[in-house]
Amino acid sequence: MKLKKIKLANYRQHKDLEVEFSGNIIAVVGGNGKGKSNFLGAIQFALTGEQPGFNKEDLLNWEAAKSGDGGYVDLEFSHNGMECRIQRRIEKPAVTLTVGSEKFSGTKKVAEELALLGIDKDVLRQSVFVRQTEVESVLFDDPRERELAFQKLVGLGDAAKHNKFLTDFLAALAEPKSMADEIERQRKLIEEQKKALGDLETRSAGMDETIKAAGDEDAIRKDIRVLQSRIPLVETVLCRFDDLDSANDNYESVKEKYESHSLFEVVDVTELANKCADLKSRIATAEREHLENKARKNAEAYLSLAKKDLENVPADWEARMEEYQSTQKAVNELRGRSKQLQKLLADAPLGNVCPLCGSTVDHNIKAEIQNELDEVNREVGEKSAWLRNNEKVTEFQRIRDKAESDVKMWETRVKELGPEVGEVDMEWLRRELASATDKLNAANTSNNTAATAKAAMSEALKRVENAESALYAAMDKIPGGRRERGDYGKAGNVMKDRMEVLLAGLSALSDLRKKKAELDGGISQTRSFVEEAEKGLADLERVNAENEVKARKIQVVRDVKDWFSYKNGPRVMSKAVMGMLVDETNKFLGQFGAPFVVTPVEEGMGFRCLFTDGRVVSSPPPEATMLSGGQKIALAVAFRFAVYMMFAGKLGLLSLDEPTAYLDDETIARFADLLGKIRQTAQNLDIQVLISTHETALAPAMDQTITIGE
């Protein structure tokens with residue numbers, strides 16, 4: 001991969017930055033906080049969609065975020081002989097990738113195409129883009145931190161997280177238990193139920209024989225149906241004998257009740273009824289005339305009162321009303337004058353000095369105003385008293401209008417009622433009506449009694465005739481002709497006895513069948529129980545087999561969990577990778593002209609240094625943490641080249657953020673010589689190495705210097 005051009009818009013500190021890349025070793029130079037690290041992070045964001053250490057929403061320039069503007073990174077590069085360009089938005093998940101003449105859009109599709117090109121996000125994060133402090137931490141921090149950093153470097157950084165996840169996962173799992181005891185118990189229960197089933201089937205076969213010997217149920221039911229059809233006929237005949245006896249008794253009783261009365265003739269009550277109706281009409285007419293006379297007297301009285309009210313209104317009421325209104329107007333004007341004089345009195349000066357010119361007048365102004373005010377108030381009082389005394393004049397018009405209306409209304413009412421009629425003797429009419437009504441009621445009662453007697457005798461005879469007819473009809477339904485009552489009683493008793501025998505036999509047969517059905521139900525239930533128990537046994541055996549598989553899987557998870565413990569698998573793999581990196585690291589140390597080579601420490605991560613310039617060192621050799629600042633940088637860069645060659649050798653890109661952050665001026669001067677050798681190595685490997693630094697003195701040793709924050 002060769003970076004060619006990048007353009008940033010509103011990415012962190014970079015509002016608008018465009019840079020073209022050239023050469024193999026490129027310096028990104030600038031002061032602290034100017035955005036060197038974010039410039040390198042923008043390249044990683046373009047390729048992966050992330051800059052480690054930042055949430056995506058934090059990558060947009062805060063001014064652009066505040067104003068609602070967007071931002072993007074536009075990176076052009078070549079890879080495996082193809083021209084590529086990736087454009088990625090910051091504020092939303094929008095990205096396009098152009099490879100040659102093909103264009104791909106969408107986060108998922110672009111990630112797939114980058115993977116096909118061999119540009120892997122994890123490799124870029126772990127082996128290509130080395131963040132500040134990561135250059136040295138894997139080699140020179142305390143042993144525990146070195147080990148964790150190295151595990152992260154080789155892709156095992158999440159081992160502790162995986163270990164904890166699996167630990168929690170195992171803690172949440174229910175330990176699968178063996179079902180062997182339950183399976184054995186279920187098998188014994190099935191055998192017992194099968195034996196009980198055989199016993200029930202034997203009993204059922206014996207009961208079939210008993211039911212067969214109990215008789216033919218259809219024949220019994222046929223005999224019962226015959227008896228059920230004949231017994232009601234006999235019982236009906238016996239009931240009809242009772243009905244005839246009851247009808248005869250009823251006839252004798254009615255005959256005895258009415259034969260002692262001579263009430264069988266009906267009297268004509270028409271004349272009495274007409275007399276009562278005539279008296280009621282005369283009484284109603286007299287009551288109406290009485291009410292009309294009373295209403296006429298009331299109307300004449302109200303007419304007289306209305307005429308008196310009209311006579312009481314004075315003839316000169318209109319003139320008096322006009323005088324009243326004129327006086328009321330004068331009072332209002334005087335009251336207005338009184339208010340003016342009160343204001344003048346309040347504002348007038350004391351004595352006889354004019355308030356306008358200051359000259360002296362020959363009279364007392366305030367006293368004169370007071371005199372006039374008193375005269376006005378006196379006149380107001382007199383006229384107000386006159387108004388109160390004559391206030392009734394305001395009612396004269398209403399009284400006159402109402403009186404005229406009432407006179408017309410009552411005169412009309414008196415005409416409607418007509419002349420007064422004479423009163424009749426109401427008490428005599430009522431006595432006559434009461435006497436006629438008593439006679440009419442007595443005649444009606446006598447007629448009703450006679451009609452009732454005739455109807456009762458007729459009904460009693462009809463009931464006897466109906467009872468005889470019903471008896472003969474019932475007797476004719478039984479073969480053999482009509483017989484005496486006792487014969488029917490005997491025949492009924494014989495049929496009832498036979499019915500009891502048949503019903504008892506049918507009940508016994510029903511009980512046998514019921515017991516047989518219960519027995520068959522027990523057989524069916526036991527058979528179903530056996531079938532369900534056998535299914536349950538199969539389920540238990542299946543669950544037991546699954547539990548055995550689950551137990552083996554859980555053991556595998558335990559083994560994997562134990563492997564992810566940093567002391568186990570990650571440590572073993574880390575040491576293996578560290579051993580593989582030794583030769584490659586020493587090769588680059590030789591190219592950089594370092595006076596030492598390295599070998600892995602016995603425990604943990606790190607290197608021991610074997611000096612090649614003849615100096616005498618302690619035994620065992622010192623660890624790399626004892627090297628000088630410049631030697632540490634040489635080892636760190638050589639190690640990073642070795643890691644790059646092992647994991648990302650085909651990408652052609654290595655980014656180192658601030659490898660000189662902690663060097664003094666003298667060491668930095670020596671580091672410039674090292675950069676020349678690094679530059680030569682980069683050229684030999686044909687890779688781009690980006691190094692961010694705030695040391696401008698290192699610029700001459702670079703192929704290109706990109707200054708940030710000018």
# chains A, B, ... in the order shown; residues from 1 in each chain; ligands from 1

$ residues_around --residues "range 25-29 of chain A" --least-positions-apart "5" --cutoff "10 Å" --atoms "only C-alpha atoms" --output "MDAnalysis selection string"
chainID A and resid 34:37 39:40 653:658 675:676 678:683 687:709

$ select_by_dssp --residues "range 52-295 of chain A" --states "alpha helix (DSSP H)" --output "PyMOL selection string"
chain A and resi 62-67+107-116+121-123+134-140+143-153+159-172+180-213+217-258+270-295

$ residues_around --residues "range 460-465 of chain A" --least-positions-apart "2" --cutoff "7 Å" --atoms "only C-alpha atoms" --output "ChimeraX atom specification"
/A:244,247-248,250-251,456-458,467-469

$ write_last_selection --atoms "N, CA and C atoms" --output "PDB file, in the first residue's frame"
ATOM      1  N   LEU A 244    -115.478 -39.598  37.177  1.00  0.00           N
ATOM      2  CA  LEU A 244    -116.936 -39.692  37.118  1.00  0.00           C
ATOM      3  C   LEU A 244    -117.542 -39.588  38.517  1.00  0.00           C
ATOM      4  N   ALA A 247    -117.412 -35.983  39.464  1.00  0.00           N
ATOM      5  CA  ALA A 247    -118.400 -35.165  38.754  1.00  0.00           C
ATOM      6  C   ALA A 247    -119.794 -35.365  39.347  1.00  0.00           C
ATOM      7  N   ASN A 248    -120.158 -36.596  39.678  1.00  0.00           N
ATOM      8  CA  ASN A 248    -121.469 -36.859  40.296  1.00  0.00           C
ATOM      9  C   ASN A 248    -121.577 -36.177  41.656  1.00  0.00           C
ATOM     10  N   ASN A 250    -120.023 -33.541  42.619  1.00  0.00           N
ATOM     11  CA  ASN A 250    -120.100 -32.093  42.390  1.00  0.00           C
ATOM     12  C   ASN A 250    -121.520 -31.692  41.972  1.00  0.00           C
ATOM     13  N   TYR A 251    -122.180 -32.518  41.138  1.00  0.00           N
ATOM     14  CA  TYR A 251    -123.542 -32.217  40.691  1.00  0.00           C
ATOM     15  C   TYR A 251    -124.513 -32.224  41.879  1.00  0.00           C
ATOM     16  N   ALA A 456    -124.348 -22.918  36.981  1.00  0.00           N
ATOM     17  CA  ALA A 456    -123.699 -23.940  37.803  1.00  0.00           C
ATOM     18  C   ALA A 456    -124.340 -25.301  37.591  1.00  0.00           C
ATOM     19  N   MET A 457    -125.668 -25.386  37.517  1.00  0.00           N
ATOM     20  CA  MET A 457    -126.355 -26.650  37.304  1.00  0.00           C
ATOM     21  C   MET A 457    -126.011 -27.199  35.925  1.00  0.00           C
ATOM     22  N   SER A 458    -126.001 -26.304  34.934  1.00  0.00           N
ATOM     23  CA  SER A 458    -125.671 -26.741  33.572  1.00  0.00           C
ATOM     24  C   SER A 458    -124.243 -27.264  33.499  1.00  0.00           C
ATOM     25  N   ALA A 467    -117.387 -36.774  31.930  1.00  0.00           N
ATOM     26  CA  ALA A 467    -116.673 -37.818  32.675  1.00  0.00           C
ATOM     27  C   ALA A 467    -117.092 -39.200  32.176  1.00  0.00           C
ATOM     28  N   GLU A 468    -118.404 -39.394  31.929  1.00  0.00           N
ATOM     29  CA  GLU A 468    -118.871 -40.685  31.412  1.00  0.00           C
ATOM     30  C   GLU A 468    -118.286 -40.950  30.027  1.00  0.00           C
ATOM     31  N   SER A 469    -118.269 -39.917  29.173  1.00  0.00           N
ATOM     32  CA  SER A 469    -117.734 -40.075  27.815  1.00  0.00           C
ATOM     33  C   SER A 469    -116.252 -40.427  27.857  1.00  0.00           C
TER      34      SER A 469
END

$ residues_around --residues "Ile6 in chain A" --least-positions-apart "6" --cutoff "7 Å" --atoms "only C-alpha atoms" --output "number ranges by chain"
A: 18-20, 74-76

$ residues_around --residues "Gly81 in chain A" --least-positions-apart "3" --cutoff "12 Å" --atoms "only C-alpha atoms" --output "ChimeraX atom specification"
/A:1-2,77-78,84,99-100,117

$ residues_around --residues "Glu147 in chain A" --least-positions-apart "4" --cutoff "9 Å" --atoms "only C-alpha atoms" --output "MDAnalysis selection string"
chainID A and resid 138:139 142:143 151:152 566 571 574 604:606

$ select_by_dssp --residues "range 371-606 of chain A" --states "strand (DSSP E or B)" --output "VMD selection string"
chain A and resid 596 to 600

$ closest_residue --among "A:Leu635, A:Met82, A:Lys109, A:Thr437" --to "Ala273 in chain A" --atoms "only C-alpha atoms"
A:Thr437

$ closest_residue --among "A:Val577, A:Thr270, A:Glu382, A:Leu540" --to "Asp181 in chain A" --atoms "only C-alpha atoms"
A:Leu540

$ residues_around --residues "Glu235 in chain A" --least-positions-apart "3" --cutoff "10 Å" --atoms "only C-alpha atoms" --output "list of chain:residue names"
A:Arg230, A:Ile231, A:Pro232, A:Leu238, A:Cys239, A:Arg240, A:Phe241, A:Ala474, A:Tyr488, A:Gly489, A:Ala491, A:Gly492

$ write_last_selection --atoms "C-alpha atoms" --output "PDB file, in the first residue's frame"
ATOM      1  CA  ARG A 230    -100.404 -50.781  28.659  1.00  0.00           C
ATOM      2  CA  ILE A 231    -100.031 -49.652  32.282  1.00  0.00           C
ATOM      3  CA  PRO A 232    -100.927 -45.984  31.473  1.00  0.00           C
ATOM      4  CA  LEU A 238    -109.058 -45.996  36.828  1.00  0.00           C
ATOM      5  CA  CYS A 239    -108.572 -42.214  36.813  1.00  0.00           C
ATOM      6  CA  ARG A 240    -111.671 -41.788  34.659  1.00  0.00           C
ATOM      7  CA  PHE A 241    -113.736 -43.839  37.205  1.00  0.00           C
ATOM      8  CA  ALA A 474    -110.569 -44.990  27.882  1.00  0.00           C
ATOM      9  CA  TYR A 488    -108.902 -53.002  35.814  1.00  0.00           C
ATOM     10  CA  GLY A 489    -107.305 -52.675  39.265  1.00  0.00           C
ATOM     11  CA  ALA A 491    -104.727 -56.137  35.766  1.00  0.00           C
ATOM     12  CA  GLY A 492    -102.782 -52.949  36.670  1.00  0.00           C
TER      13      GLY A 492
END

$ atom_distance --atom1 "CA of Asp673 in chain A" --atom2 "CA of Gln631 in chain A"
12.2 Å
